[in-house]
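Content type TSV, C-alpha atoms and all ligand atoms, from the file structure-v2.tsv:
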```tsv
chain	number	residue	atom	x	y	z
R	19	MET	CA	-51.83	44.81	-41.19
R	20	THR	CA	-48.68	46.10	-39.60
R	21	THR	CA	-45.40	44.65	-40.70
R	22	PHE	CA	-42.30	44.79	-38.57
R	23	GLN	CA	-38.86	45.23	-39.98
R	24	THR	CA	-35.58	44.59	-38.29
R	25	PRO	CA	-33.95	47.95	-37.48
R	26	THR	CA	-30.90	48.65	-39.54
R	27	ALA	CA	-27.62	49.90	-38.07
R	28	ALA	CA	-28.48	53.34	-39.45
R	29	ASP	CA	-31.85	53.26	-37.64
R	30	THR	CA	-30.10	52.41	-34.38
R	31	ARG	CA	-27.66	55.25	-34.80
R	32	ALA	CA	-30.51	57.68	-35.48
R	33	ASP	CA	-32.30	56.45	-32.35
R	34	ASP	CA	-29.12	57.07	-30.33
R	35	ARG	CA	-29.02	60.65	-31.53
R	36	LEU	CA	-32.71	61.26	-30.89
R	37	SER	CA	-32.58	59.85	-27.38
R	38	ALA	CA	-29.44	61.90	-26.68
R	39	MET	CA	-31.29	65.03	-27.77
R	40	ASP	CA	-34.28	64.10	-25.60
R	41	ARG	CA	-31.98	63.84	-22.64
R	42	TYR	CA	-30.24	67.09	-23.59
R	43	ARG	CA	-33.53	68.98	-23.77
R	44	HIS	CA	-34.73	67.48	-20.50
R	45	VAL	CA	-31.58	68.48	-18.60
R	46	ARG	CA	-31.42	71.94	-20.12
R	47	ARG	CA	-35.08	72.61	-19.39
R	48	HIS	CA	-34.62	71.61	-15.75
R	49	SER	CA	-31.95	74.31	-15.24
R	50	GLU	CA	-34.36	76.90	-16.55
R	51	GLU	CA	-37.16	75.56	-14.36
R	52	LEU	CA	-34.91	75.98	-11.32
R	53	ALA	CA	-34.31	79.62	-12.23
R	54	ALA	CA	-37.94	80.33	-13.08
R	55	PRO	CA	-39.16	81.20	-9.54
R	56	LEU	CA	-36.47	83.87	-9.22
R	57	PRO	CA	-36.86	87.49	-10.29
R	58	ALA	CA	-33.99	88.75	-12.42
R	59	GLU	CA	-32.74	90.86	-9.51
R	60	ASP	CA	-32.01	87.71	-7.48
R	61	GLN	CA	-30.32	85.97	-10.39
R	62	VAL	CA	-27.39	88.39	-10.63
R	63	ILE	CA	-26.26	88.45	-6.96
R	64	GLN	CA	-23.01	86.86	-5.82
R	65	PRO	CA	-23.04	86.86	-2.01
R	66	MET	CA	-19.57	85.32	-1.62
R	67	PRO	CA	-16.83	84.09	-3.99
R	68	ASP	CA	-17.93	80.45	-3.64
R	69	ALA	CA	-21.55	81.11	-4.61
R	70	SER	CA	-22.17	82.15	-8.19
R	71	PRO	CA	-25.18	84.05	-9.52
R	72	THR	CA	-27.97	81.94	-11.03
R	73	LYS	CA	-27.52	83.79	-14.30
R	74	TRP	CA	-23.84	82.88	-14.39
R	75	HIS	CA	-24.67	79.17	-13.90
R	76	LEU	CA	-27.14	79.35	-16.79
R	77	ALA	CA	-24.58	80.99	-19.06
R	78	HIS	CA	-21.60	78.89	-17.98
R	79	THR	CA	-23.39	75.61	-18.68
R	80	ALA	CA	-24.18	76.86	-22.19
R	81	TRP	CA	-20.54	77.96	-22.56
R	82	PHE	CA	-19.46	74.38	-21.75
R	83	PHE	CA	-21.36	72.98	-24.76
R	84	GLU	CA	-20.21	75.85	-26.96
R	85	THR	CA	-16.55	75.45	-25.99
R	86	PHE	CA	-16.15	71.69	-25.92
R	87	LEU	CA	-18.61	70.64	-28.63
R	88	LEU	CA	-19.83	73.38	-30.95
R	89	ALA	CA	-16.59	75.27	-31.56
R	90	PRO	CA	-14.47	72.20	-32.29
R	91	PHE	CA	-17.04	69.96	-34.01
R	92	LEU	CA	-19.86	71.92	-35.71
R	93	PRO	CA	-18.65	72.96	-39.17
R	94	GLY	CA	-18.88	76.71	-39.70
R	95	TYR	CA	-19.89	77.46	-36.11
R	96	ARG	CA	-19.14	81.03	-35.05
R	97	ARG	CA	-18.86	81.99	-31.39
R	98	TYR	CA	-22.03	83.60	-30.06
R	99	HIS	CA	-20.09	86.51	-28.59
R	100	PRO	CA	-16.33	87.21	-28.66
R	101	LEU	CA	-16.16	87.84	-24.91
R	102	PHE	CA	-18.53	85.19	-23.56
R	103	GLY	CA	-15.62	82.75	-23.59
R	104	THR	CA	-13.88	84.93	-21.01
R	105	LEU	CA	-16.97	85.77	-18.96
R	106	PHE	CA	-18.20	82.21	-18.57
R	107	ASN	CA	-15.03	80.14	-18.43
R	108	SER	CA	-14.93	78.81	-14.88
R	109	TYR	CA	-11.43	77.47	-14.38
R	110	TYR	CA	-10.06	75.98	-17.63
R	111	GLU	CA	-6.55	77.36	-18.06
R	112	ALA	CA	-6.14	75.60	-21.40
R	113	VAL	CA	-9.20	77.33	-22.85
R	114	GLY	CA	-8.12	80.91	-22.23
R	115	PRO	CA	-8.53	83.92	-19.91
R	116	ARG	CA	-11.29	84.19	-17.34
R	117	HIS	CA	-13.29	86.90	-15.64
R	118	PRO	CA	-12.27	86.75	-11.94
R	119	ARG	CA	-14.48	84.36	-10.02
R	120	PRO	CA	-15.24	86.72	-7.10
R	121	GLN	CA	-16.52	89.30	-9.61
R	122	ARG	CA	-19.18	87.22	-11.32
R	123	GLY	CA	-21.80	89.22	-9.44
R	124	MET	CA	-20.57	92.44	-11.06
R	125	LEU	CA	-21.87	91.36	-14.47
R	126	GLY	CA	-25.15	93.15	-15.04
R	127	ARG	CA	-24.83	92.23	-18.71
R	128	PRO	CA	-25.67	90.04	-20.43
R	129	THR	CA	-29.06	90.40	-18.79
R	130	VAL	CA	-31.06	87.37	-17.73
R	131	ALA	CA	-33.14	87.68	-20.90
R	132	GLU	CA	-30.00	87.90	-23.05
R	133	THR	CA	-28.58	84.88	-21.25
R	134	MET	CA	-31.69	82.91	-22.14
R	135	LEU	CA	-31.27	83.92	-25.79
R	136	TYR	CA	-27.67	82.64	-25.61
R	137	ARG	CA	-28.89	79.33	-24.22
R	138	GLY	CA	-31.49	79.05	-26.97
R	139	THR	CA	-28.91	79.62	-29.69
R	140	ILE	CA	-26.61	77.01	-28.17
R	141	ASP	CA	-29.50	74.55	-27.98
R	142	ARG	CA	-30.37	74.95	-31.65
R	143	ALA	CA	-26.74	74.54	-32.68
R	144	MET	CA	-26.43	71.46	-30.48
R	145	GLU	CA	-29.38	69.93	-32.28
R	146	ASP	CA	-27.65	70.58	-35.61
R	147	LEU	CA	-24.46	69.02	-34.29
R	148	VAL	CA	-25.98	65.91	-32.71
R	149	LEU	CA	-28.43	65.11	-35.50
R	150	GLY	CA	-26.08	66.03	-38.33
R	151	ALA	CA	-22.77	64.63	-37.20
R	152	SER	CA	-21.10	61.86	-39.15
R	153	ASP	CA	-20.73	58.55	-37.35
R	154	GLY	CA	-17.07	59.30	-36.75
R	155	VAL	CA	-17.82	62.67	-35.18
R	156	TRP	CA	-20.71	61.25	-33.15
R	157	HIS	CA	-18.35	58.64	-31.72
R	158	ARG	CA	-16.08	61.45	-30.51
R	159	ILE	CA	-18.73	63.83	-29.21
R	160	GLU	CA	-21.00	61.37	-27.43
R	161	PRO	CA	-18.84	61.13	-24.27
R	162	VAL	CA	-18.36	64.93	-24.21
R	163	LEU	CA	-22.12	65.40	-24.51
R	164	ALA	CA	-22.62	63.05	-21.54
R	165	LEU	CA	-20.03	65.02	-19.59
R	166	GLY	CA	-21.73	68.31	-20.49
R	167	LEU	CA	-25.11	67.07	-19.28
R	168	ASN	CA	-23.70	65.73	-16.02
R	169	HIS	CA	-21.83	69.02	-15.65
R	170	GLU	CA	-25.09	70.91	-16.05
R	171	GLN	CA	-26.70	68.69	-13.42
R	172	GLN	CA	-23.89	69.56	-11.01
R	173	HIS	CA	-24.64	73.22	-11.64
R	174	GLN	CA	-28.34	72.60	-11.05
R	175	GLU	CA	-27.48	71.63	-7.50
R	176	LEU	CA	-25.23	74.70	-7.24
R	177	ILE	CA	-28.07	76.93	-8.45
R	178	LEU	CA	-30.03	75.82	-5.38
R	179	THR	CA	-27.19	75.91	-2.86
R	180	ASP	CA	-26.02	79.30	-4.08
R	181	ILE	CA	-29.44	80.93	-4.22
R	182	LYS	CA	-30.19	79.63	-0.73
R	183	TYR	CA	-27.14	81.49	0.56
R	184	THR	CA	-28.02	84.56	-1.50
R	185	LEU	CA	-31.56	84.74	-0.13
R	186	PHE	CA	-30.32	84.10	3.43
R	187	CYS	CA	-28.07	87.15	3.14
R	188	ASN	CA	-31.13	89.33	2.55
R	189	PRO	CA	-32.64	90.42	5.90
R	190	LEU	CA	-36.07	89.96	4.33
R	191	ARG	CA	-35.25	86.23	4.14
R	192	PRO	CA	-37.30	85.70	0.98
R	193	PRO	CA	-38.23	82.10	0.23
R	194	TYR	CA	-37.07	80.48	-3.01
R	195	ARG	CA	-40.30	78.50	-3.15
R	196	PRO	CA	-43.47	79.91	-1.68
R	197	ASP	CA	-44.75	76.49	-0.68
R	198	PRO	CA	-44.03	75.32	2.87
R	199	PRO	CA	-41.68	72.41	3.55
R	200	PRO	CA	-43.28	68.97	3.83
R	201	ALA	CA	-45.43	68.89	6.94
R	202	GLY	CA	-46.11	65.98	9.21
R	203	PRO	CA	-44.06	63.84	11.50
R	204	SER	CA	-40.53	63.02	10.50
R	205	ARG	CA	-39.64	61.02	13.58
R	206	THR	CA	-35.99	60.14	13.77
R	207	ALA	CA	-35.58	56.44	13.14
R	208	PRO	CA	-33.85	54.56	15.97
R	209	LEU	CA	-30.12	54.53	15.43
R	210	GLU	CA	-28.86	51.09	14.52
R	211	TRP	CA	-25.32	49.96	13.86
R	212	ILE	CA	-24.77	47.93	10.73
R	213	ASP	CA	-21.92	45.43	10.99
R	214	VAL	CA	-19.59	45.47	8.03
R	215	ALA	CA	-16.97	42.76	7.71
R	216	GLY	CA	-13.41	43.78	7.10
R	217	GLY	CA	-11.28	42.47	4.29
R	218	VAL	CA	-10.54	43.38	0.72
R	219	ALA	CA	-13.25	45.43	-0.99
R	220	ALA	CA	-13.38	46.87	-4.49
R	221	ILE	CA	-14.43	50.50	-4.86
R	222	GLY	CA	-14.71	52.89	-7.76
R	223	HIS	CA	-16.57	52.92	-11.05
R	224	ALA	CA	-16.20	50.22	-13.67
R	225	GLY	CA	-18.38	49.06	-16.49
R	226	PRO	CA	-21.10	50.75	-18.49
R	227	GLY	CA	-22.84	53.97	-17.71
R	228	PHE	CA	-21.55	57.46	-17.10
R	229	ALA	CA	-19.12	58.28	-14.32
R	230	PHE	CA	-16.78	61.20	-13.79
R	231	ASP	CA	-13.11	60.42	-14.32
R	232	ASN	CA	-12.40	60.82	-10.59
R	233	GLU	CA	-14.57	57.77	-9.80
R	234	GLY	CA	-12.03	55.38	-11.29
R	235	PRO	CA	-10.11	53.25	-11.74
R	236	ARG	CA	-11.95	50.64	-9.71
R	237	HIS	CA	-9.45	49.22	-7.25
R	238	GLU	CA	-9.13	47.15	-4.11
R	239	VAL	CA	-8.86	48.52	-0.60
R	240	LEU	CA	-8.28	46.81	2.73
R	241	LEU	CA	-10.91	47.54	5.38
R	242	ARG	CA	-10.97	46.73	9.06
R	243	PRO	CA	-14.31	45.55	10.46
R	244	PHE	CA	-16.57	48.46	11.41
R	245	ARG	CA	-20.12	49.43	12.22
R	246	LEU	CA	-21.92	52.06	10.22
R	247	ALA	CA	-24.79	54.15	11.58
R	248	SER	CA	-28.09	53.38	9.90
R	249	ARG	CA	-28.96	57.06	9.53
R	250	LEU	CA	-27.49	60.54	9.64
R	251	VAL	CA	-26.95	62.54	12.83
R	252	SER	CA	-30.11	64.47	13.68
R	253	ASN	CA	-30.61	68.09	14.69
R	254	ALA	CA	-31.59	66.97	18.20
R	255	GLU	CA	-28.38	65.01	18.55
R	256	TYR	CA	-26.35	67.93	17.26
R	257	LEU	CA	-28.07	70.22	19.78
R	258	GLY	CA	-26.73	67.86	22.44
R	259	PHE	CA	-23.21	68.53	21.17
R	260	MET	CA	-23.86	72.27	21.26
R	261	ALA	CA	-25.33	72.12	24.77
R	262	ASP	CA	-22.24	70.25	25.91
R	263	GLY	CA	-20.02	73.13	24.81
R	264	GLY	CA	-19.35	71.82	21.34
R	265	TYR	CA	-18.45	75.23	19.98
R	266	THR	CA	-16.65	76.47	23.10
R	267	ASN	CA	-14.37	73.56	23.90
R	268	PRO	CA	-11.38	73.06	21.57
R	269	ARG	CA	-10.85	69.49	22.74
R	270	HIS	CA	-12.83	67.82	19.96
R	271	TRP	CA	-11.64	70.00	17.09
R	272	PHE	CA	-8.85	69.86	14.57
R	273	ALA	CA	-6.61	72.91	14.99
R	274	ASP	CA	-7.70	74.31	11.62
R	275	GLY	CA	-11.34	73.75	12.55
R	276	TRP	CA	-10.97	75.43	15.92
R	277	ALA	CA	-9.29	78.36	14.18
R	278	MET	CA	-12.36	78.64	11.91
R	279	VAL	CA	-14.67	78.60	14.94
R	280	GLN	CA	-12.72	81.54	16.39
R	281	GLU	CA	-12.32	83.41	13.15
R	282	GLN	CA	-15.88	83.00	11.89
R	283	GLY	CA	-17.61	83.07	15.26
R	284	TRP	CA	-19.37	79.76	14.57
R	285	GLN	CA	-21.87	78.83	17.29
R	286	ALA	CA	-24.21	76.61	15.31
R	287	PRO	CA	-24.59	75.20	11.77
R	288	LEU	CA	-25.04	77.66	8.94
R	289	TYR	CA	-28.61	79.01	8.61
R	290	TRP	CA	-29.48	78.39	12.27
R	291	GLU	CA	-30.83	81.26	14.35
R	292	GLN	CA	-31.80	81.31	18.01
R	293	SER	CA	-34.75	83.32	19.29
R	294	ALA	CA	-34.78	85.20	22.57
R	295	ASP	CA	-36.72	82.32	24.11
R	296	GLY	CA	-33.91	79.93	23.21
R	297	SER	CA	-35.73	78.12	20.40
R	298	TRP	CA	-33.96	77.53	17.11
R	299	SER	CA	-35.09	78.10	13.56
R	300	SER	CA	-33.27	77.57	10.30
R	301	PHE	CA	-33.40	79.09	6.86
R	302	THR	CA	-34.69	76.75	4.18
R	303	LEU	CA	-35.56	77.16	0.51
R	304	SER	CA	-39.06	77.86	1.82
R	305	GLY	CA	-37.86	80.59	4.19
R	306	MET	CA	-37.23	80.55	7.94
R	307	CYS	CA	-38.73	77.48	9.65
R	308	PRO	CA	-38.68	76.14	13.20
R	309	LEU	CA	-35.83	73.67	13.53
R	310	ASP	CA	-37.09	70.11	13.16
R	311	PRO	CA	-35.25	68.10	15.82
R	312	ASP	CA	-35.82	64.89	13.87
R	313	SER	CA	-34.31	66.03	10.58
R	314	PRO	CA	-30.65	65.34	9.82
R	315	VAL	CA	-28.34	68.17	10.82
R	316	SER	CA	-27.30	70.00	7.67
R	317	HIS	CA	-25.01	72.79	6.51
R	318	VAL	CA	-22.15	71.71	8.72
R	319	SER	CA	-18.53	71.88	7.64
R	320	PHE	CA	-16.14	68.95	7.70
R	321	TYR	CA	-14.63	70.53	10.80
R	322	GLU	CA	-17.97	70.54	12.60
R	323	ALA	CA	-18.80	67.02	11.41
R	324	SER	CA	-15.51	65.64	12.68
R	325	ALA	CA	-15.76	67.55	15.99
R	326	TYR	CA	-19.22	66.09	16.54
R	327	ALA	CA	-17.98	62.59	15.74
R	328	THR	CA	-15.09	62.94	18.19
R	329	TRP	CA	-17.42	64.30	20.87
R	330	ALA	CA	-19.74	61.33	20.30
R	331	GLY	CA	-16.85	58.89	20.73
R	332	LYS	CA	-17.16	57.78	17.10
R	333	ARG	CA	-15.59	58.84	13.82
R	334	LEU	CA	-16.49	59.69	10.24
R	335	PRO	CA	-16.33	56.88	7.69
R	336	SER	CA	-13.63	56.76	5.08
R	337	GLU	CA	-15.02	56.98	1.56
R	338	ALA	CA	-14.03	53.36	1.02
R	339	GLU	CA	-16.00	52.29	4.10
R	340	TRP	CA	-18.97	54.33	2.94
R	341	GLU	CA	-18.96	52.81	-0.53
R	342	ALA	CA	-18.27	49.27	0.63
R	343	ALA	CA	-21.18	49.48	3.06
R	344	ALA	CA	-23.39	50.87	0.29
R	345	ALA	CA	-24.84	53.38	2.65
R	346	GLY	CA	-25.59	55.39	-0.33
R	347	GLY	CA	-28.24	56.93	-2.33
R	348	THR	CA	-30.20	58.25	0.61
R	349	GLY	CA	-30.31	61.59	-1.15
R	350	GLU	CA	-30.94	63.49	2.08
R	351	LEU	CA	-27.61	65.21	2.48
R	352	TRP	CA	-24.08	64.84	1.21
R	353	GLU	CA	-22.16	62.99	3.92
R	354	TRP	CA	-18.71	64.16	4.92
R	355	THR	CA	-16.13	61.41	4.98
R	356	ALA	CA	-12.73	61.33	6.65
R	357	SER	CA	-11.08	60.88	3.26
R	358	PRO	CA	-9.03	63.57	1.56
R	359	TYR	CA	-9.91	64.07	-2.09
R	360	VAL	CA	-6.99	62.48	-3.90
R	361	ALA	CA	-6.55	60.48	-7.07
R	362	TYR	CA	-7.37	56.78	-7.00
R	363	PRO	CA	-4.41	54.51	-7.80
R	364	GLY	CA	-3.80	54.53	-11.54
R	365	TYR	CA	-5.89	57.67	-12.17
R	366	ARG	CA	-4.92	59.74	-15.18
R	367	PRO	CA	-6.76	62.94	-16.12
R	368	PRO	CA	-8.21	62.84	-19.63
R	369	GLU	CA	-6.27	64.48	-22.43
R	370	GLY	CA	-7.07	68.05	-23.35
R	371	ALA	CA	-8.81	70.86	-21.51
R	372	VAL	CA	-11.49	68.60	-20.00
R	373	GLY	CA	-8.64	66.96	-18.09
R	374	GLU	CA	-8.93	70.04	-15.85
R	375	TYR	CA	-12.48	69.04	-14.86
R	376	ASN	CA	-11.48	67.11	-11.72
R	377	GLY	CA	-7.82	66.22	-11.57
R	378	LYS	CA	-6.34	69.57	-10.65
R	379	PHE	CA	-8.54	69.85	-7.57
R	380	MET	CA	-7.21	66.72	-5.92
R	381	VAL	CA	-5.54	68.40	-2.97
R	382	ASN	CA	-6.70	70.07	0.26
R	383	GLN	CA	-10.37	69.08	-0.04
R	384	MET	CA	-12.45	66.35	1.60
R	385	VAL	CA	-14.73	63.79	-0.05
R	386	LEU	CA	-18.49	63.75	0.51
R	387	ARG	CA	-20.62	60.78	-0.49
R	388	GLY	CA	-24.28	60.14	-1.14
R	389	GLY	CA	-26.26	62.98	-2.62
R	390	SER	CA	-28.69	65.58	-1.36
R	391	CYS	CA	-32.23	66.82	-1.66
R	392	ALA	CA	-30.83	69.34	-4.18
R	393	THR	CA	-29.13	66.73	-6.36
R	394	PRO	CA	-31.06	66.17	-9.60
R	395	PRO	CA	-32.80	62.80	-9.89
R	396	GLY	CA	-30.64	60.24	-11.65
R	397	HIS	CA	-27.42	62.04	-10.78
R	398	ILE	CA	-26.57	59.99	-7.68
R	399	ARG	CA	-24.24	56.99	-7.84
R	400	ARG	CA	-22.71	54.78	-5.22
R	401	THR	CA	-19.25	55.64	-6.59
R	402	TYR	CA	-19.87	59.42	-6.84
R	403	ARG	CA	-17.16	61.53	-5.23
R	404	ASN	CA	-18.19	65.02	-4.28
R	405	PHE	CA	-15.55	67.25	-2.73
R	406	PHE	CA	-15.35	70.55	-0.91
R	407	TYR	CA	-12.95	72.44	1.30
R	408	PRO	CA	-13.24	71.38	4.94
R	409	SER	CA	-14.61	74.77	6.00
R	410	ALA	CA	-17.45	74.78	3.43
R	411	ARG	CA	-20.96	74.93	4.94
R	412	TRP	CA	-23.25	76.21	2.21
R	413	GLN	CA	-23.70	72.83	0.56
R	414	PHE	CA	-26.39	70.43	1.76
R	415	SER	CA	-23.89	68.54	3.93
R	416	GLY	CA	-24.40	66.35	6.98
R	417	LEU	CA	-22.75	63.39	8.65
R	418	ARG	CA	-23.09	59.72	9.46
R	419	LEU	CA	-21.02	58.03	12.16
R	420	VAL	CA	-19.02	54.82	12.24
R	421	GLU	CA	-17.38	52.92	15.05
R	422	ASP	CA	-14.67	50.30	15.03
R	423	ARG	CA	-15.59	46.72	15.91
R	501	FE	FE	-18.77	74.17	-14.31
```

Full structure transcribed into structure tokens:
Amino acid sequence: MTTFQTPTAADTRADDRLSAMDRYRHVRRHSEELAAPLPAEDQVIQPMPDASPTKWHLAHTAWFFETFLLAPFLPGYRRYHPLFGTLFNSYYEAVGPRHPRPQRGMLGRPTVAETMLYRGTIDRAMEDLVLGASDGVWHRIEPVLALGLNHEQQHQELILTDIKYTLFCNPLRPPYRPDPPPAGPSRTAPLEWIDVAGGVAAIGHAGPGFAFDNEGPRHEVLLRPFRLASRLVSNAEYLGFMADGGYTNPRHWFADGWAMVQEQGWQAPLYWEQSADGSWSSFTLSGMCPLDPDSPVSHVSFYEASAYATWAGKRLPSEAEWEAAAAGGTGELWEWTASPYVAYPGYRPPEGAVGEYNGKFMVNQMVLRGGSCATPPGHIRRTYRNFFYPSARWQFSGLRLVEDR
């Protein structure tokens, strides 16, 4: 006969640690699964300063745990390598010097295999730390562990966006995955306009569960009544903009955007190519594919998104409108908003080096909401604030329109 005993406080604490380690292993394994289809030669390439090599992502995410958890909290821990702190520090001024970002692709060493050994050593030390920490230490490291895992998930998306750009730069156009994209009809749903009442709305994260510091404090905003499109702008609709001189007429563009069109020679979204017969194809993680007119237009910059919206006689939503309307969680593409990435009222960066995670980037970038096909499952939140420079096109970014009522 089985007898049941009430769990003690110590049992509960042990369960917390074990479930944290389960989650740690799951997240870490997923990064390695994303890299697995790639030969080592692909994993070291940096095709532009914004896109880091796969190998660097794998090492940097290990560095994060080593720097913010193992070095300060695991008794007797010795750094894996005296220079890895410099090679794999991304942007933390408080932590020390950094290898220049545009030169990450110059690092043939550590090799991919050596990088995996580094990850394995970090993983074993993390297990020692999490399972062996005193209650007092566990209380301090638990939020940093959650941050480190969410950080690694952000880099999982970057592994995909960056390798897509890398492979596109190769004239052979090798696919990341050999399997073809999902076949079958993907008919564009009819566009509907969802009425959203104006008034005072609360946005931002509050309450339990993980959120990045930039998602709070929760606060009230005043919205005018508006209508939100029920879906994203499609490729067919975007082709209409192009056919109407979208890239040749400055009328719909911000001055900075129009300057980018001239400077970069933009004539279509990133990854689009036109054949001699006029048909379009686009590069995907499965290689070059005929453009699906019914899919949402992707890999557009903020400048292109806003030019399209102006051409269509609409506008982009503010991030407050987007969140209040709960458009979110579609997971198709990140959706450009009209909102600059700035601090919410009352925001204070956390103390210490991790205060550099978000706060120092709150200028000159635009907010994207939602999540994309490359975002790891469970990493999307209604309050999530992604942000990129308005000229960025290599992320999985699209747009949804709004109109005033
Ligand atoms: Fe990072």

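Here atom CA of Tyr95 of chain R stands at a distance of 20.7 Å from atom CA of Ala164 of chain R.
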
(message) My list of candidates is R:Arg423, R:Arg403, R:His223, R:Lys182. Which is closest to Trp211 of chain R when distances are computed with only C-alpha atoms?
(response)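 Ranking R:Arg423, R:Arg403, R:His223, R:Lys182 by distance to Trp211 of chain R, first place goes to R:Arg423.
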
(message) What does the structure give for the distance between atom CA of Met380 of chain R and atom CA of Gly234 of chain R, in Å to one decimal?
(response)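 Going from atom CA of Met380 of chain R over to atom CA of Gly234 of chain R, I get 13.4 Å.
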
(request) Grab the atom CA of Ile398 of chain R to atom CA of Gly349 of chain R distance for me, in Å with one decimal place. (result) 7.7 Å

(message) Counting all atoms listed in the file, what are the residues, protein, DNA or RNA alike, that approach ligand FE 501 (chain R) to within 8 Å? I want them as number ranges by chain.
(response) R: 75, 78-79, 82, 108, 169-170, 172-173

Residue selection dump (C-alpha atoms) as a PDB file, in the coordinates of the input:
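Full text of result.pdb as output:
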```
ATOM      1  CA  HIS R  75     -24.670  79.170 -13.900  1.00  0.00           C
ATOM      2  CA  HIS R  78     -21.600  78.890 -17.980  1.00  0.00           C
ATOM      3  CA  THR R  79     -23.390  75.610 -18.680  1.00  0.00           C
ATOM      4  CA  PHE R  82     -19.460  74.380 -21.750  1.00  0.00           C
ATOM      5  CA  SER R 108     -14.930  78.810 -14.880  1.00  0.00           C
ATOM      6  CA  HIS R 169     -21.830  69.020 -15.650  1.00  0.00           C
ATOM      7  CA  GLU R 170     -25.090  70.910 -16.050  1.00  0.00           C
ATOM      8  CA  GLN R 172     -23.890  69.560 -11.010  1.00  0.00           C
ATOM      9  CA  HIS R 173     -24.640  73.220 -11.640  1.00  0.00           C
TER      10      HIS R 173
END
```

(message) So, with only C-alpha atoms as the atoms that count, which of R:Val251, R:Gly389, R:Gly154, R:Asp274 lies closest to Glu350 of chain R?
(response)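 Using only C-alpha atoms, Glu350 of chain R sits closest to R:Gly389.
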
Write out as a PDB file with C-alpha atoms, in the coordinates of the input each polymer residue whose atoms come within 12 Å of segment 408-411 of chain R, counting only C-alpha atoms; drop sequence neighbours fewer than 6 positions from it.
```pdb
ATOM      1  CA  MET R  66     -19.570  85.320  -1.620  1.00  0.00           C
ATOM      2  CA  PRO R  67     -16.830  84.090  -3.990  1.00  0.00           C
ATOM      3  CA  ASP R  68     -17.930  80.450  -3.640  1.00  0.00           C
ATOM      4  CA  ALA R  69     -21.550  81.110  -4.610  1.00  0.00           C
ATOM      5  CA  THR R 179     -27.190  75.910  -2.860  1.00  0.00           C
ATOM      6  CA  ASP R 180     -26.020  79.300  -4.080  1.00  0.00           C
ATOM      7  CA  LYS R 182     -30.190  79.630  -0.730  1.00  0.00           C
ATOM      8  CA  TYR R 183     -27.140  81.490   0.560  1.00  0.00           C
ATOM      9  CA  PHE R 272      -8.850  69.860  14.570  1.00  0.00           C
ATOM     10  CA  ASP R 274      -7.700  74.310  11.620  1.00  0.00           C
ATOM     11  CA  GLY R 275     -11.340  73.750  12.550  1.00  0.00           C
ATOM     12  CA  TRP R 276     -10.970  75.430  15.920  1.00  0.00           C
ATOM     13  CA  ALA R 277      -9.290  78.360  14.180  1.00  0.00           C
ATOM     14  CA  MET R 278     -12.360  78.640  11.910  1.00  0.00           C
ATOM     15  CA  VAL R 279     -14.670  78.600  14.940  1.00  0.00           C
ATOM     16  CA  GLU R 281     -12.320  83.410  13.150  1.00  0.00           C
ATOM     17  CA  GLN R 282     -15.880  83.000  11.890  1.00  0.00           C
ATOM     18  CA  TRP R 284     -19.370  79.760  14.570  1.00  0.00           C
ATOM     19  CA  ALA R 286     -24.210  76.610  15.310  1.00  0.00           C
ATOM     20  CA  PRO R 287     -24.590  75.200  11.770  1.00  0.00           C
ATOM     21  CA  LEU R 288     -25.040  77.660   8.940  1.00  0.00           C
ATOM     22  CA  TYR R 289     -28.610  79.010   8.610  1.00  0.00           C
ATOM     23  CA  TRP R 290     -29.480  78.390  12.270  1.00  0.00           C
ATOM     24  CA  VAL R 315     -28.340  68.170  10.820  1.00  0.00           C
ATOM     25  CA  SER R 316     -27.300  70.000   7.670  1.00  0.00           C
ATOM     26  CA  HIS R 317     -25.010  72.790   6.510  1.00  0.00           C
ATOM     27  CA  VAL R 318     -22.150  71.710   8.720  1.00  0.00           C
ATOM     28  CA  SER R 319     -18.530  71.880   7.640  1.00  0.00           C
ATOM     29  CA  PHE R 320     -16.140  68.950   7.700  1.00  0.00           C
ATOM     30  CA  TYR R 321     -14.630  70.530  10.800  1.00  0.00           C
ATOM     31  CA  GLU R 322     -17.970  70.540  12.600  1.00  0.00           C
ATOM     32  CA  ALA R 323     -18.800  67.020  11.410  1.00  0.00           C
ATOM     33  CA  SER R 324     -15.510  65.640  12.680  1.00  0.00           C
ATOM     34  CA  ALA R 325     -15.760  67.550  15.990  1.00  0.00           C
ATOM     35  CA  TRP R 352     -24.080  64.840   1.210  1.00  0.00           C
ATOM     36  CA  TRP R 354     -18.710  64.160   4.920  1.00  0.00           C
ATOM     37  CA  THR R 355     -16.130  61.410   4.980  1.00  0.00           C
ATOM     38  CA  ALA R 356     -12.730  61.330   6.650  1.00  0.00           C
ATOM     39  CA  SER R 357     -11.080  60.880   3.260  1.00  0.00           C
ATOM     40  CA  PRO R 358      -9.030  63.570   1.560  1.00  0.00           C
ATOM     41  CA  TYR R 359      -9.910  64.070  -2.090  1.00  0.00           C
ATOM     42  CA  VAL R 381      -5.540  68.400  -2.970  1.00  0.00           C
ATOM     43  CA  ASN R 382      -6.700  70.070   0.260  1.00  0.00           C
ATOM     44  CA  GLN R 383     -10.370  69.080  -0.040  1.00  0.00           C
ATOM     45  CA  MET R 384     -12.450  66.350   1.600  1.00  0.00           C
ATOM     46  CA  VAL R 385     -14.730  63.790  -0.050  1.00  0.00           C
ATOM     47  CA  LEU R 386     -18.490  63.750   0.510  1.00  0.00           C
TER      48      LEU R 386
END
```

(request) Would you mind listing what lies within 12 Å of Ala219 of chain R as a ChimeraX atom specification, with all atoms listed in the file counted and same-chain residues fewer than 6 positions away left out? (result) /R:236-243,337-344
